[in-house]
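Have a look at my_file_8.cif below; it lists mmCIF, C-alpha atoms and all ligand atoms.
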```
data_structure
loop_
_atom_site.label_atom_id
_atom_site.label_comp_id
_atom_site.auth_asym_id
_atom_site.auth_seq_id
_atom_site.Cartn_x
_atom_site.Cartn_y
_atom_site.Cartn_z
CA MET B 1 77.91 34.03 117.39
CA LEU B 2 77.35 33.81 113.61
CA ILE B 3 80.78 32.33 112.77
CA ASN B 4 83.22 30.62 115.12
CA ARG B 5 86.21 30.50 112.80
CA LEU B 6 86.40 32.70 109.71
CA VAL B 7 89.30 32.16 107.33
CA VAL B 8 90.13 35.04 105.00
CA ILE B 9 92.26 34.05 102.01
CA GLY B 10 93.83 37.24 100.68
CA VAL B 11 93.86 39.77 103.52
CA GLY B 12 93.94 42.93 101.41
CA LEU B 13 91.59 45.89 101.00
CA ILE B 14 88.45 43.75 100.67
CA GLY B 15 89.26 40.75 102.89
CA GLY B 16 90.72 43.07 105.54
CA SER B 17 87.70 45.38 105.54
CA VAL B 18 85.26 42.45 105.95
CA ALA B 19 87.40 41.05 108.78
CA ARG B 20 87.52 44.42 110.58
CA ASP B 21 83.74 44.84 110.50
CA ALA B 22 82.93 41.20 111.23
CA ARG B 23 84.92 41.59 114.43
CA LYS B 24 83.55 45.04 115.24
CA PHE B 25 79.96 43.82 114.96
CA GLY B 26 80.63 40.69 117.04
CA LEU B 27 79.89 38.27 114.19
CA VAL B 28 83.05 36.15 114.54
CA LYS B 29 84.99 34.53 117.34
CA GLU B 30 88.29 33.94 115.55
CA ILE B 31 89.71 35.19 112.24
CA ILE B 32 92.59 33.44 110.50
CA GLY B 33 94.36 35.14 107.61
CA CYS B 34 95.88 33.21 104.75
CA GLY B 35 97.81 34.38 101.71
CA ARG B 36 101.15 34.44 100.00
CA GLY B 37 102.78 37.64 101.25
CA GLU B 38 104.03 37.09 104.78
CA ALA B 39 104.78 40.77 105.41
CA ASN B 40 101.16 41.69 104.60
CA LEU B 41 99.84 38.90 106.86
CA GLN B 42 102.12 39.97 109.73
CA LYS B 43 100.83 43.52 109.28
CA ALA B 44 97.26 42.15 109.42
CA VAL B 45 98.00 40.59 112.83
CA GLU B 46 99.69 43.80 114.08
CA LEU B 47 96.66 45.84 113.02
CA GLY B 48 94.31 43.39 114.79
CA VAL B 49 92.56 42.59 111.49
CA VAL B 50 93.21 38.84 111.94
CA ASP B 51 94.11 36.85 115.06
CA SER B 52 96.73 34.67 113.37
CA TYR B 53 97.86 33.64 109.92
CA THR B 54 99.27 30.80 107.88
CA THR B 55 100.51 30.62 104.31
CA ASP B 56 99.29 27.01 104.06
CA VAL B 57 95.80 26.98 102.54
CA ALA B 58 94.90 23.41 103.65
CA ASP B 59 96.02 24.19 107.17
CA ALA B 60 93.99 27.39 107.21
CA VAL B 61 90.67 25.90 106.10
CA LYS B 62 90.65 22.61 108.02
CA ASP B 63 88.45 23.68 110.97
CA ALA B 64 86.81 26.70 109.40
CA ASP B 65 83.09 27.51 109.61
CA MET B 66 83.43 29.90 106.71
CA VAL B 67 86.17 30.61 104.17
CA LEU B 68 86.13 34.00 102.43
CA MET B 69 88.24 34.06 99.27
CA ALA B 70 89.42 37.61 98.62
CA ALA B 71 92.44 37.04 96.37
CA PRO B 72 92.70 38.04 92.68
CA MET B 73 90.40 36.03 90.37
CA GLY B 74 93.28 34.20 88.67
CA ALA B 75 94.20 32.49 91.97
CA PHE B 76 90.83 30.82 92.60
CA GLU B 77 91.36 27.50 90.80
CA SER B 78 94.65 26.79 92.56
CA LEU B 79 93.15 27.91 95.89
CA PHE B 80 90.25 25.45 95.46
CA ARG B 81 92.78 22.71 94.67
CA ALA B 82 94.84 23.53 97.73
CA MET B 83 91.84 23.57 100.08
CA LYS B 84 90.05 20.48 98.67
CA PRO B 85 91.81 17.75 100.75
CA ALA B 86 91.26 19.62 104.03
CA LEU B 87 87.71 20.96 103.55
CA SER B 88 84.94 19.72 105.82
CA PRO B 89 81.52 19.34 104.11
CA ASN B 90 80.16 21.76 106.74
CA THR B 91 82.51 24.59 105.81
CA ILE B 92 80.85 27.38 103.85
CA ILE B 93 82.98 28.78 101.03
CA THR B 94 82.26 32.26 99.81
CA ASP B 95 84.22 34.94 98.01
CA ALA B 96 84.42 38.62 97.18
CA GLY B 97 85.64 38.32 93.59
CA SER B 98 84.59 40.82 90.93
CA VAL B 99 83.61 38.11 88.41
CA LYS B 100 81.23 35.27 89.29
CA GLY B 101 81.04 32.85 86.32
CA CYS B 102 84.70 31.91 86.73
CA VAL B 103 84.23 31.06 90.40
CA VAL B 104 81.56 28.52 89.49
CA ASP B 105 83.64 27.20 86.55
CA ASP B 106 86.80 26.87 88.68
CA ALA B 107 84.83 25.07 91.40
CA ILE B 108 83.43 22.58 88.86
CA LYS B 109 86.95 21.99 87.47
CA VAL B 110 88.29 21.15 90.92
CA PHE B 111 85.34 19.55 92.76
CA GLY B 112 83.61 17.99 89.73
CA GLU B 113 80.37 19.86 90.57
CA VAL B 114 79.30 23.06 92.28
CA PRO B 115 79.68 22.35 96.01
CA ALA B 116 76.40 22.84 97.92
CA ASN B 117 78.19 25.08 100.41
CA LEU B 118 79.69 27.45 97.81
CA VAL B 119 78.03 30.87 97.87
CA PRO B 120 79.64 33.19 95.30
CA ALA B 121 79.37 36.84 96.33
CA HIS B 122 80.52 40.27 95.21
CA PRO B 123 80.59 43.41 97.33
CA ILE B 124 80.12 46.38 95.01
CA ALA B 125 82.42 48.64 96.98
CA GLY B 126 86.10 49.24 97.03
CA THR B 127 88.77 51.80 96.32
CA GLU B 128 91.83 52.07 94.09
CA LYS B 129 94.09 51.13 97.05
CA SER B 130 95.23 47.64 97.93
CA GLY B 131 96.77 45.65 100.78
CA VAL B 132 95.63 45.24 104.37
CA GLU B 133 96.77 48.76 105.29
CA ALA B 134 94.17 50.13 102.86
CA SER B 135 91.34 48.19 104.58
CA PHE B 136 88.96 50.10 106.81
CA GLU B 137 85.80 49.77 108.88
CA GLY B 138 82.56 50.84 107.27
CA LEU B 139 83.49 50.11 103.65
CA TYR B 140 80.31 48.10 103.20
CA ARG B 141 77.87 50.27 105.14
CA ASP B 142 74.87 50.89 102.84
CA ARG B 143 76.73 49.29 99.95
CA ARG B 144 75.29 46.61 97.72
CA VAL B 145 76.51 43.03 97.87
CA LEU B 146 75.41 40.65 95.13
CA LEU B 147 75.07 36.95 95.94
CA THR B 148 74.96 34.54 93.01
CA PRO B 149 73.94 31.19 94.53
CA THR B 150 73.52 28.39 91.97
CA GLU B 151 70.75 25.78 91.81
CA GLN B 152 73.04 23.47 93.79
CA THR B 153 73.67 25.97 96.60
CA ASP B 154 72.25 25.05 100.00
CA PRO B 155 69.86 27.87 101.05
CA GLN B 156 71.20 27.65 104.62
CA ALA B 157 74.69 28.45 103.38
CA THR B 158 73.31 31.40 101.40
CA ALA B 159 71.45 32.62 104.50
CA LYS B 160 74.65 32.56 106.56
CA VAL B 161 76.63 34.52 103.97
CA ARG B 162 73.76 36.99 103.69
CA ALA B 163 73.80 37.38 107.49
CA LEU B 164 77.53 38.18 107.42
CA TRP B 165 77.04 41.00 104.90
CA THR B 166 73.86 42.45 106.43
CA GLY B 167 75.55 42.20 109.84
CA ILE B 168 78.22 44.62 108.64
CA GLY B 169 75.68 47.00 107.17
CA ALA B 170 75.47 46.00 103.50
CA ARG B 171 72.37 45.72 101.33
CA VAL B 172 72.25 42.22 99.88
CA ASP B 173 70.60 41.16 96.62
CA GLU B 174 70.61 37.88 94.71
CA ILE B 175 71.26 37.83 90.97
CA GLY B 176 72.08 35.24 88.30
CA VAL B 177 75.76 34.56 87.60
CA GLU B 178 75.59 35.48 83.90
CA HIS B 179 73.55 38.61 84.49
CA HIS B 180 76.03 39.69 87.18
CA ASP B 181 78.99 39.34 84.84
CA LYS B 182 77.27 41.27 82.02
CA VAL B 183 76.20 44.15 84.25
CA LEU B 184 79.54 44.46 86.02
CA ALA B 185 81.39 44.30 82.68
CA ALA B 186 79.49 47.45 81.74
CA THR B 187 79.54 49.44 84.99
CA SER B 188 82.87 48.45 86.50
CA HIS B 189 85.15 46.47 84.18
CA LEU B 190 84.81 48.69 81.08
CA PRO B 191 85.40 51.95 83.00
CA HIS B 192 88.57 50.50 84.53
CA LEU B 193 89.79 49.30 81.14
CA LEU B 194 89.16 52.72 79.62
CA ALA B 195 90.88 54.55 82.47
CA TYR B 196 93.99 52.37 82.21
CA GLY B 197 93.97 52.71 78.42
CA LEU B 198 93.63 56.50 78.46
CA VAL B 199 96.41 57.05 81.00
CA ASP B 200 98.72 54.73 79.07
CA THR B 201 97.94 56.51 75.79
CA LEU B 202 98.73 59.91 77.31
CA ALA B 203 101.88 58.59 79.00
CA ARG B 204 103.12 57.30 75.64
CA MET B 205 102.35 60.65 73.96
CA ASP B 206 104.90 62.33 76.16
CA ASP B 207 107.96 60.47 77.55
CA SER B 208 108.74 63.28 79.98
CA ARG B 209 105.22 63.09 81.47
CA GLU B 210 105.07 66.90 81.27
CA ILE B 211 101.48 66.54 80.02
CA PHE B 212 100.34 65.47 83.52
CA SER B 213 101.56 68.77 85.07
CA TYR B 214 98.71 70.48 83.27
CA ALA B 215 95.99 68.01 84.22
CA ALA B 216 93.49 68.76 86.97
CA GLY B 217 90.20 67.59 88.45
CA GLY B 218 88.63 66.26 85.28
CA PHE B 219 91.62 64.05 84.57
CA ARG B 220 91.80 62.99 88.23
CA ASP B 221 88.11 62.01 88.34
CA PHE B 222 88.24 60.08 85.06
CA THR B 223 91.44 58.22 85.93
CA ARG B 224 91.42 57.61 89.71
CA ILE B 225 90.71 53.95 89.11
CA ALA B 226 93.77 53.54 86.87
CA ALA B 227 95.74 53.62 90.14
CA SER B 228 94.13 50.26 91.07
CA ASP B 229 96.10 47.04 91.35
CA PRO B 230 97.18 45.88 87.84
CA GLN B 231 97.16 42.17 88.75
CA MET B 232 93.56 42.35 89.97
CA TRP B 233 92.37 44.07 86.79
CA HIS B 234 94.44 41.84 84.53
CA ASP B 235 92.67 38.83 86.05
CA ILE B 236 89.19 40.42 85.81
CA ASN B 237 89.62 41.13 82.09
CA PHE B 238 90.57 37.55 81.29
CA THR B 239 88.02 35.88 83.58
CA ASN B 240 85.14 38.02 82.27
CA ARG B 241 86.48 38.18 78.71
CA LYS B 242 83.21 37.49 76.82
CA ALA B 243 81.05 40.10 78.56
CA ILE B 244 83.84 42.70 78.49
CA LEU B 245 84.49 42.23 74.76
CA GLU B 246 80.76 42.64 74.04
CA VAL B 247 80.43 45.94 75.86
CA LEU B 248 83.83 47.13 74.57
CA ASP B 249 82.63 46.58 70.98
CA LEU B 250 79.46 48.53 71.68
CA TYR B 251 81.49 51.39 73.14
CA ARG B 252 83.97 51.35 70.22
CA ALA B 253 81.10 51.78 67.77
CA ASP B 254 79.74 54.68 69.83
CA LEU B 255 83.21 56.27 69.98
CA ASP B 256 83.33 56.14 66.18
CA GLN B 257 79.93 57.79 66.15
CA LEU B 258 81.18 60.61 68.41
CA ARG B 259 84.15 61.08 66.08
CA HIS B 260 81.83 61.23 63.10
CA TRP B 261 79.57 63.88 64.68
CA ILE B 262 82.57 66.10 65.49
CA SER B 263 84.21 65.70 62.10
CA THR B 264 80.92 66.43 60.27
CA ASP B 265 79.91 69.36 62.52
CA ASP B 266 76.78 67.48 63.62
CA SER B 267 76.09 69.76 66.56
CA GLU B 268 72.58 68.43 67.22
CA SER B 269 73.62 64.79 67.56
CA LEU B 270 76.56 65.63 69.81
CA MET B 271 74.38 67.84 72.02
CA THR B 272 71.68 65.13 72.27
CA CYS B 273 74.27 62.57 73.33
CA PHE B 274 75.77 64.90 75.99
CA LYS B 275 72.31 65.82 77.34
CA ASN B 276 71.30 62.15 77.57
CA ALA B 277 74.55 61.30 79.32
CA LYS B 278 74.20 64.18 81.80
CA SER B 279 70.68 63.13 82.66
CA ALA B 280 71.77 59.51 83.23
CA ARG B 281 74.75 60.64 85.34
CA ASP B 282 72.54 62.96 87.42
CA HIS B 283 70.20 60.03 88.02
CA PHE B 284 73.14 57.88 89.15
CA SER B 285 74.26 60.61 91.59
CA SER B 286 70.76 60.76 93.04
CA ILE B 287 70.67 57.03 93.79
CA PHE B 288 74.30 56.64 94.91
CA HIS B 289 75.22 58.12 98.24
CA ALA B 290 78.81 59.38 97.96
CA GLY B 291 81.09 60.50 100.74
CA LYS B 292 83.44 57.60 101.43
CA PRO B 293 87.07 57.31 100.31
CA GLY B 294 87.15 56.43 96.64
CA ASP B 295 83.62 57.57 95.85
CA GLY B 296 84.94 60.35 93.67
CA ASP B 297 81.93 62.63 94.11
CA GLU B 298 83.23 64.20 97.33
N1 LIG A 1 89.45 46.59 95.06
C1 LIG A 1 88.15 46.69 94.84
O1 LIG A 1 87.63 47.77 94.64
C2 LIG A 1 87.32 45.44 94.84
C3 LIG A 1 85.94 45.54 95.08
C4 LIG A 1 85.17 44.37 95.10
C5 LIG A 1 85.77 43.13 94.90
N2 LIG A 1 87.11 43.05 94.66
C6 LIG A 1 87.70 41.71 94.48
O2 LIG A 1 88.22 41.32 95.74
C7 LIG A 1 89.40 40.53 95.57
C8 LIG A 1 90.52 41.17 96.38
O3 LIG A 1 90.76 42.49 95.93
P1 LIG A 1 91.50 43.55 96.87
O4 LIG A 1 91.18 44.88 96.32
O5 LIG A 1 91.27 43.26 98.31
O6 LIG A 1 93.01 43.23 96.50
P2 LIG A 1 94.30 43.39 97.44
O7 LIG A 1 95.46 43.38 96.52
O8 LIG A 1 94.15 44.51 98.40
O9 LIG A 1 94.28 42.03 98.27
C9 LIG A 1 94.43 40.78 97.67
C10 LIG A 1 95.22 39.89 98.63
O10 LIG A 1 95.32 38.59 98.04
C11 LIG A 1 96.63 38.10 98.26
N3 LIG A 1 96.92 37.13 97.19
C12 LIG A 1 97.35 37.37 95.94
N4 LIG A 1 97.51 36.21 95.27
C13 LIG A 1 97.17 35.23 96.14
C14 LIG A 1 97.15 33.81 96.05
N5 LIG A 1 97.51 33.18 94.94
N6 LIG A 1 96.77 33.12 97.13
C15 LIG A 1 96.41 33.75 98.28
N7 LIG A 1 96.41 35.09 98.41
C16 LIG A 1 96.80 35.81 97.36
C17 LIG A 1 97.51 39.33 98.19
O11 LIG A 1 98.73 39.09 98.87
C18 LIG A 1 96.64 40.37 98.89
O12 LIG A 1 96.88 40.38 100.27
C19 LIG A 1 89.64 40.46 94.07
O13 LIG A 1 89.15 39.23 93.59
C20 LIG A 1 88.85 41.61 93.50
O14 LIG A 1 88.40 41.31 92.20
C21 LIG A 1 87.89 44.17 94.66
O1 LIG A 2 85.77 52.65 93.79
C1 LIG A 2 86.63 51.96 93.27
O2 LIG A 2 87.81 52.26 93.28
C2 LIG A 2 86.25 50.72 92.59
O3 LIG A 2 86.82 50.48 91.61
C3 LIG A 2 85.29 49.78 93.20
C4 LIG A 2 84.69 48.78 92.22
C5 LIG A 2 83.93 49.55 91.12
O4 LIG A 2 83.08 50.35 91.50
O5 LIG A 2 84.16 49.34 89.95
C6 LIG A 2 85.76 47.95 91.64
C7 LIG A 2 85.67 46.62 91.51
C8 LIG A 2 84.62 45.88 92.10
O6 LIG A 2 84.56 44.57 91.92
C9 LIG A 2 83.62 46.62 92.78
C10 LIG A 2 83.73 47.95 92.95
#
```
Please express what this file holds, its structure, as structure tokens.
Amino acid sequence: MLINRLVVIGVGLIGGSVARDARKFGLVKEIIGCGRGEANLQKAVELGVVDSYTTDVADAVKDADMVLMAAPMGAFESLFRAMKPALSPNTIITDAGSVKGCVVDDAIKVFGEVPANLVPAHPIAGTEKSGVEASFEGLYRDRRVLLTPTEQTDPQATAKVRALWTGIGARVDEIGVEHHDKVLAATSHLPHLLAYGLVDTLARMDDSREIFSYAAGGFRDFTRIAASDPQMWHDINFTNRKAILEVLDLYRADLDQLRHWISTDDSESLMTCFKNAKSARDHFSSIFHAGKPGDGDE
């Protein structure tokens, strides 16, 4: 058995999906859920996603082999504080958060250094749905998971977290914390910001929301992710502020360029941009296997 007692803090889409597969693949003996919303945790027990739950973080982690933090990024510092008095030095702490630098920073704030058994991780898979009822088996099959161990991280702890993810079918890579946050700002955080921004702009153009009656597949594909949980994305934008602002500024300049080409009838430049973008998007489709809920290319 890889893990005797797994504690999942935040049993939502991501934590719930890991728990389902960890059980299905026989990687864990016991799963304890922990969080704030009792109704969600009760549902998690009813669905068989966790064996039991508690809303007391210290109580949850005290005899854990591994703790998986799958709550919004803004909760991490207070979760570290709450678990600190009860943590055994043998307990591995890992997470599924979308930003990695803040996990390391929050850990240093609370523990005074990066604990040797902290293995920050990020599964690059999800959907726009949230809560345990949105969790499902197979979310991580053939999906990438990025581990960002630090120089202080014990390689045995990293190996165990890697074994959890590969055991549920994911493809695991290791990457530096800063590089992770820059790349994800560009490929995940900026698209979500733009989708939220566009839908809000259109909603404010038309109080009656009549405009949406005439929208179809293009609008749906561009904006699916604006249906994601606002708290989660609020936290991501503030915890990865620097990298997001950098790529947002780059995109703003390019938007101005697009505007300029249209206003000056620069057909060649606009066409070159669209052809480049199509070629890059076709390449992405060829390396990304779609076909799961949320993939958008179905
Ligand atoms: N949704 C995605 O596509 C996706 C993909 C990869 C990683 N992530 C990351 O995974 C984490 C969880 O996202 P999710 O989509 O499962 O969200 P979710 O809303 O489905 O689940 C989050 C859970 O955390 C609980 N929670 C909220 N505040 C808490 C607190 N202070 N203490 C304890 N529990 C708390 C909520 O009750 C909920 O059950 C986030 O950090 C997110 O950035 C999300
Ligand atoms: O498919 C979706 O709905 C997602 O938003 C998943 C997605 C992304 O691809 O940007 C969102 C946040 C993550 O941290 C990882 C994956």
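Nearest residue to ligand LIG 1 (chain A), choosing from B:Ile244, B:Ala226, B:Ala116, B:Ile3 and counting only C-alpha atoms and all ligand atoms: B:Ala226.
Across the model, the gap from CA of Phe238 in chain B to CA of Ile175 in chain B is 21.6 Å.
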Proximity of chain B to ligand LIG 1 (chain A): per-residue shortest pair, 8 Å limit, all atoms listed in the file, as JSON lines:
```
{"residue": "B:Ile9", "atom": "CA", "partner": "A:LIG1", "partner_atom": "C15", "distance": 5.6}
{"residue": "B:Gly10", "atom": "CA", "partner": "A:LIG1", "partner_atom": "O10", "distance": 3.3}
{"residue": "B:Val11", "atom": "CA", "partner": "A:LIG1", "partner_atom": "O12", "distance": 4.5}
{"residue": "B:Gly12", "atom": "CA", "partner": "A:LIG1", "partner_atom": "O9", "distance": 3.3}
{"residue": "B:Leu13", "atom": "CA", "partner": "A:LIG1", "partner_atom": "O5", "distance": 3.8}
{"residue": "B:Ile14", "atom": "CA", "partner": "A:LIG1", "partner_atom": "O5", "distance": 3.7}
{"residue": "B:Gly15", "atom": "CA", "partner": "A:LIG1", "partner_atom": "O5", "distance": 5.6}
{"residue": "B:Gly16", "atom": "CA", "partner": "A:LIG1", "partner_atom": "O5", "distance": 7.3}
{"residue": "B:Cys34", "atom": "CA", "partner": "A:LIG1", "partner_atom": "C15", "distance": 6.5}
{"residue": "B:Gly35", "atom": "CA", "partner": "A:LIG1", "partner_atom": "N7", "distance": 3.7}
{"residue": "B:Arg36", "atom": "CA", "partner": "A:LIG1", "partner_atom": "N7", "distance": 5.0}
{"residue": "B:Gly37", "atom": "CA", "partner": "A:LIG1", "partner_atom": "O11", "distance": 4.9}
{"residue": "B:Asn40", "atom": "CA", "partner": "A:LIG1", "partner_atom": "O12", "distance": 6.2}
{"residue": "B:Leu41", "atom": "CA", "partner": "A:LIG1", "partner_atom": "O12", "distance": 7.4}
{"residue": "B:Thr55", "atom": "CA", "partner": "A:LIG1", "partner_atom": "C15", "distance": 7.9}
{"residue": "B:Met69", "atom": "CA", "partner": "A:LIG1", "partner_atom": "C7", "distance": 7.5}
{"residue": "B:Ala70", "atom": "CA", "partner": "A:LIG1", "partner_atom": "C7", "distance": 4.2}
{"residue": "B:Ala71", "atom": "CA", "partner": "A:LIG1", "partner_atom": "O10", "distance": 3.7}
{"residue": "B:Pro72", "atom": "CA", "partner": "A:LIG1", "partner_atom": "O13", "distance": 3.9}
{"residue": "B:Met73", "atom": "CA", "partner": "A:LIG1", "partner_atom": "O13", "distance": 4.7}
{"residue": "B:Gly74", "atom": "CA", "partner": "A:LIG1", "partner_atom": "N5", "distance": 7.6}
{"residue": "B:Ala75", "atom": "CA", "partner": "A:LIG1", "partner_atom": "N5", "distance": 4.5}
{"residue": "B:Phe76", "atom": "CA", "partner": "A:LIG1", "partner_atom": "N5", "distance": 7.5}
{"residue": "B:Ser78", "atom": "CA", "partner": "A:LIG1", "partner_atom": "N5", "distance": 7.4}
{"residue": "B:Leu79", "atom": "CA", "partner": "A:LIG1", "partner_atom": "N6", "distance": 6.5}
{"residue": "B:Asp95", "atom": "CA", "partner": "A:LIG1", "partner_atom": "O2", "distance": 7.9}
{"residue": "B:Ala96", "atom": "CA", "partner": "A:LIG1", "partner_atom": "O2", "distance": 4.9}
{"residue": "B:Gly97", "atom": "CA", "partner": "A:LIG1", "partner_atom": "O13", "distance": 3.6}
{"residue": "B:Ser98", "atom": "CA", "partner": "A:LIG1", "partner_atom": "O14", "distance": 4.0}
{"residue": "B:Val99", "atom": "CA", "partner": "A:LIG1", "partner_atom": "O14", "distance": 6.9}
{"residue": "B:His122", "atom": "CA", "partner": "A:LIG1", "partner_atom": "C5", "distance": 6.0}
{"residue": "B:Pro123", "atom": "CA", "partner": "A:LIG1", "partner_atom": "C4", "distance": 5.2}
{"residue": "B:Ile124", "atom": "CA", "partner": "A:LIG1", "partner_atom": "C4", "distance": 5.4}
{"residue": "B:Ala125", "atom": "CA", "partner": "A:LIG1", "partner_atom": "C3", "distance": 5.1}
{"residue": "B:Gly126", "atom": "CA", "partner": "A:LIG1", "partner_atom": "O1", "distance": 3.2}
{"residue": "B:Thr127", "atom": "CA", "partner": "A:LIG1", "partner_atom": "O1", "distance": 4.5}
{"residue": "B:Glu128", "atom": "CA", "partner": "A:LIG1", "partner_atom": "O1", "distance": 6.0}
{"residue": "B:Lys129", "atom": "CA", "partner": "A:LIG1", "partner_atom": "O8", "distance": 6.8}
{"residue": "B:Ser130", "atom": "CA", "partner": "A:LIG1", "partner_atom": "O8", "distance": 3.3}
{"residue": "B:Gly131", "atom": "CA", "partner": "A:LIG1", "partner_atom": "O8", "distance": 3.7}
{"residue": "B:Val132", "atom": "CA", "partner": "A:LIG1", "partner_atom": "O8", "distance": 6.2}
{"residue": "B:Ala134", "atom": "CA", "partner": "A:LIG1", "partner_atom": "O8", "distance": 7.2}
{"residue": "B:Ser135", "atom": "CA", "partner": "A:LIG1", "partner_atom": "O8", "distance": 7.7}
{"residue": "B:Ser228", "atom": "CA", "partner": "A:LIG1", "partner_atom": "N1", "distance": 7.2}
{"residue": "B:Asp229", "atom": "CA", "partner": "A:LIG1", "partner_atom": "O7", "distance": 6.4}
{"residue": "B:Met232", "atom": "CA", "partner": "A:LIG1", "partner_atom": "O14", "distance": 5.7}
{"residue": "B:Trp233", "atom": "CA", "partner": "A:LIG1", "partner_atom": "O14", "distance": 7.3}
{"residue": "B:Asp235", "atom": "CA", "partner": "A:LIG1", "partner_atom": "O14", "distance": 7.9}
{"residue": "B:Ile236", "atom": "CA", "partner": "A:LIG1", "partner_atom": "O14", "distance": 6.5}
```
Which of these residues is nearest to ligand LIG 2 (chain A), using all atoms listed in the file: B:Gln257, B:Ser269, B:Thr223, B:Ser286? B:Thr223
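As for CA of Thr54 in chain B and atom O1 of ligand LIG 2 (chain A), they are spaced 29.3 Å apart.
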Just give me the gap between CA of Phe25 in chain B and CA of Val145 in chain B in Å, one decimal is fine. 17.5 Å
Counting all atoms listed in the file, which residues sit no farther than 12 Å from the position (73.7, 39.3, 81.5) in the file's frame? I'd like them as a short mmCIF file (atom, residue, chain, number, x, y, z; two decimals) with C-alpha atoms, keeping the file's coordinate frame.
```cif
data_model
loop_
_atom_site.label_atom_id
_atom_site.label_comp_id
_atom_site.auth_asym_id
_atom_site.auth_seq_id
_atom_site.Cartn_x
_atom_site.Cartn_y
_atom_site.Cartn_z
CA LYS B 100 81.23 35.27 89.29
CA GLY B 101 81.04 32.85 86.32
CA ILE B 175 71.26 37.83 90.97
CA GLY B 176 72.08 35.24 88.30
CA VAL B 177 75.76 34.56 87.60
CA GLU B 178 75.59 35.48 83.90
CA HIS B 179 73.55 38.61 84.49
CA HIS B 180 76.03 39.69 87.18
CA ASP B 181 78.99 39.34 84.84
CA LYS B 182 77.27 41.27 82.02
CA VAL B 183 76.20 44.15 84.25
CA LEU B 184 79.54 44.46 86.02
CA ALA B 185 81.39 44.30 82.68
CA ALA B 186 79.49 47.45 81.74
CA ASN B 240 85.14 38.02 82.27
CA LYS B 242 83.21 37.49 76.82
CA ALA B 243 81.05 40.10 78.56
CA ILE B 244 83.84 42.70 78.49
CA GLU B 246 80.76 42.64 74.04
CA VAL B 247 80.43 45.94 75.86
#
```
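Residue neighbourhood of range 161-168 of chain B, excluding near-sequence residues (fewer than 2 positions): Leu2, Val18, Asp21, Ala22, Phe25, Leu27, Thr94, Val119, Gly138, Tyr140, Arg141, Val145, Leu147, Ala157, Thr158, Ala159, Ala170, Arg171 and Val172 of chain B, at 8 Å, using all atoms listed in the file.
Proximity ranking of B:Leu68, B:Val103, B:Ile93, B:Leu146 relative to ligand LIG 2 (chain A) places B:Leu146 first, based on all atoms listed in the file.
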Please list as a list in words every residue within 12 Å of Leu258 in chain B, counting only C-alpha atoms and excluding residues in the same chain fewer than 6 positions away. Tyr251, Arg252, Thr264, Asp265, Asp266, Ser267, Glu268, Ser269, Leu270, Met271, Thr272, Cys273 and Phe274 of chain B
Given 6 Å of margin on each side, can you work out the centre and size in Å (one decimal) of an axis-aligned box holding every listed atom of ligand LIG 2 (chain A), as lines of an AutoDock Vina configuration file?
```
center_x = 85.4
center_y = 48.6
center_z = 91.9
size_x = 16.7
size_y = 20.1
size_z = 15.8
```
Taking 4 positions as the minimum chain separation for residues in the same chain, which residues sit within 6 Å of Val49 in chain B when counting only C-alpha atoms? Answer as a short mmCIF file (atom, residue, chain, number, x, y, z; two decimals) with C-alpha atoms, keeping the file's coordinate frame.
```
data_model
loop_
_atom_site.label_atom_id
_atom_site.label_comp_id
_atom_site.auth_asym_id
_atom_site.auth_seq_id
_atom_site.Cartn_x
_atom_site.Cartn_y
_atom_site.Cartn_z
CA ARG B 20 87.52 44.42 110.58
CA ALA B 44 97.26 42.15 109.42
CA VAL B 45 98.00 40.59 112.83
#
```
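The closest residue to ligand LIG 2 (chain A), picked from B:Lys62, B:Arg224, B:Lys43, B:Arg209 and counting only C-alpha atoms and all ligand atoms, is B:Arg224.
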